[in-house]
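Asks: Please find one structure pasted underneath; my questions will follow.
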Amino acid sequence: DAGVTQSPTHLIKTRGQHVTLRCSPISGHKSVSWYQQVLGQGPQFIFQYYEKEERGRGNFPDRFSARQFPNYSSELNVNALLLGDSALYLCASSSGRANEKLFFGSGTQLSVL
Amino acid sequence: SQQGEEDPQALSIQEGENATMNCSYKTSINNLQWYRQNSGRGLVHLILIRSNEREKHSGRLRVTLDTSKKSSSLLITASRAADTASYFCATPNYGGATNKLIFGTGTLLAVQP
């Protein structure tokens, strides 16, 4: 079975541009969460989507948005990129129940120049 | 905000030695999870310990949880060079988001062959 897949692996953008990151969860998982990991820090929660509905949002500006499709894949969009948005963006999938482990993809490394 | 804080920040040991990492957190929890990250890529779930458990084993891993002290430890026995990675503790901060984990800053473990 395929794990969580993310694309692209690496991305280089310039300030002010827009970026879309994609994630496909493990088959059968209905929940996708997005995390941002800045170098030297632990991952920080951005969003969770379950059954195409937003279930939670972290402390990120409105430039960050996401959506989940009927096949449970998800996109994370970031508008008006800032240098500080440079980070590893991780997608995690699960069944959506509480108190369970998350399965992470390998991430998208975003560099904003 | 970071709920979990790992100690030490970095640890270097020889193959065959044991490695112990500690984690402290701030609020009441339902469970505490440990994850491993190789070279800044995706996180891999290692073990989940529930709040009513004091100790849990998985292969060469041993996790303890002291809810009165709001702390946990991860012991890796008979370490191998392949254990070289960053290790993070994570605690849930659910609200409506069942996949919202708060990660610490991590312990970077280097196992010398």
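Residue numbering restarts at 1 for every chain of the structure tokens, chains are lettered A, B, ... in their displayed order, and ligands are numbered from 1 as they appear.
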Could you write out, as JSON, numbers by chain, all the residues of chain A that DSSP marks as strand (DSSP E or B)?
Replies: {"A": [5, 6, 7, 10, 11, 12, 13, 19, 20, 21, 22, 23, 24, 31, 32, 33, 34, 35, 36, 37, 44, 45, 46, 47, 48, 49, 50, 53, 54, 55, 56, 57, 64, 65, 66, 67, 68, 74, 75, 76, 77, 78, 87, 88, 89, 90, 91, 92, 93, 94, 103, 104, 108, 109, 110, 111, 112]}
Asks: Can you work out which residues from chain A touch chain B at a cut-off of 12 Å (counting only C-alpha atoms) and hand them back as a PyMOL selection string?
Replies: chain A and resi 3-6+9-10+30-50+53-60+87-109
Asks: Using only C-alpha atoms, find the one residue out of A:Ser24, A:Glu51, A:Val112, A:Ser7 that sits nearest to Leu83 in chain A.
Replies: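 Nearest candidate to Leu83 in chain A out of A:Ser24, A:Glu51, A:Val112, A:Ser7: A:Val112.
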Asks: Can you tell me, as a ChimeraX atom specification, what residues are no more than 6 Å from range 12-23 of chain B when counting only C-alpha atoms, ignoring any on the same chain fewer than 2 positions away?
Replies: /B:5-7,71-80,109-113
Asks: Please compute the CA of Pro70 in chain A-CA of Ala2 in chain A distance, one decimal, in Å.
Replies: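 Interatomic distance, CA of Pro70 in chain A to CA of Ala2 in chain A: 18.5 Å.
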Asks: Just the number, please: distance in Å from CA of Thr20 in chain A to CA of Asn77 in chain A, one decimal.
Replies: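 Rounded to one decimal, the two atoms are 4.6 Å apart.
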Asks: In Å, rounded to a single decimal, give me how far CA of Ala80 in chain A is from CA of Val19 in chain A.
Replies: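 Computed distance, CA of Val19 in chain A to CA of Ala80 in chain A, equals 8.8 Å.
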Asks: Identify which of the residues A:Arg63, A:Pro25, A:Gly16, A:Leu113 lies closest to Val78 in chain A, counting only C-alpha atoms when measuring atom-to-atom distances.
Replies: A:Arg63
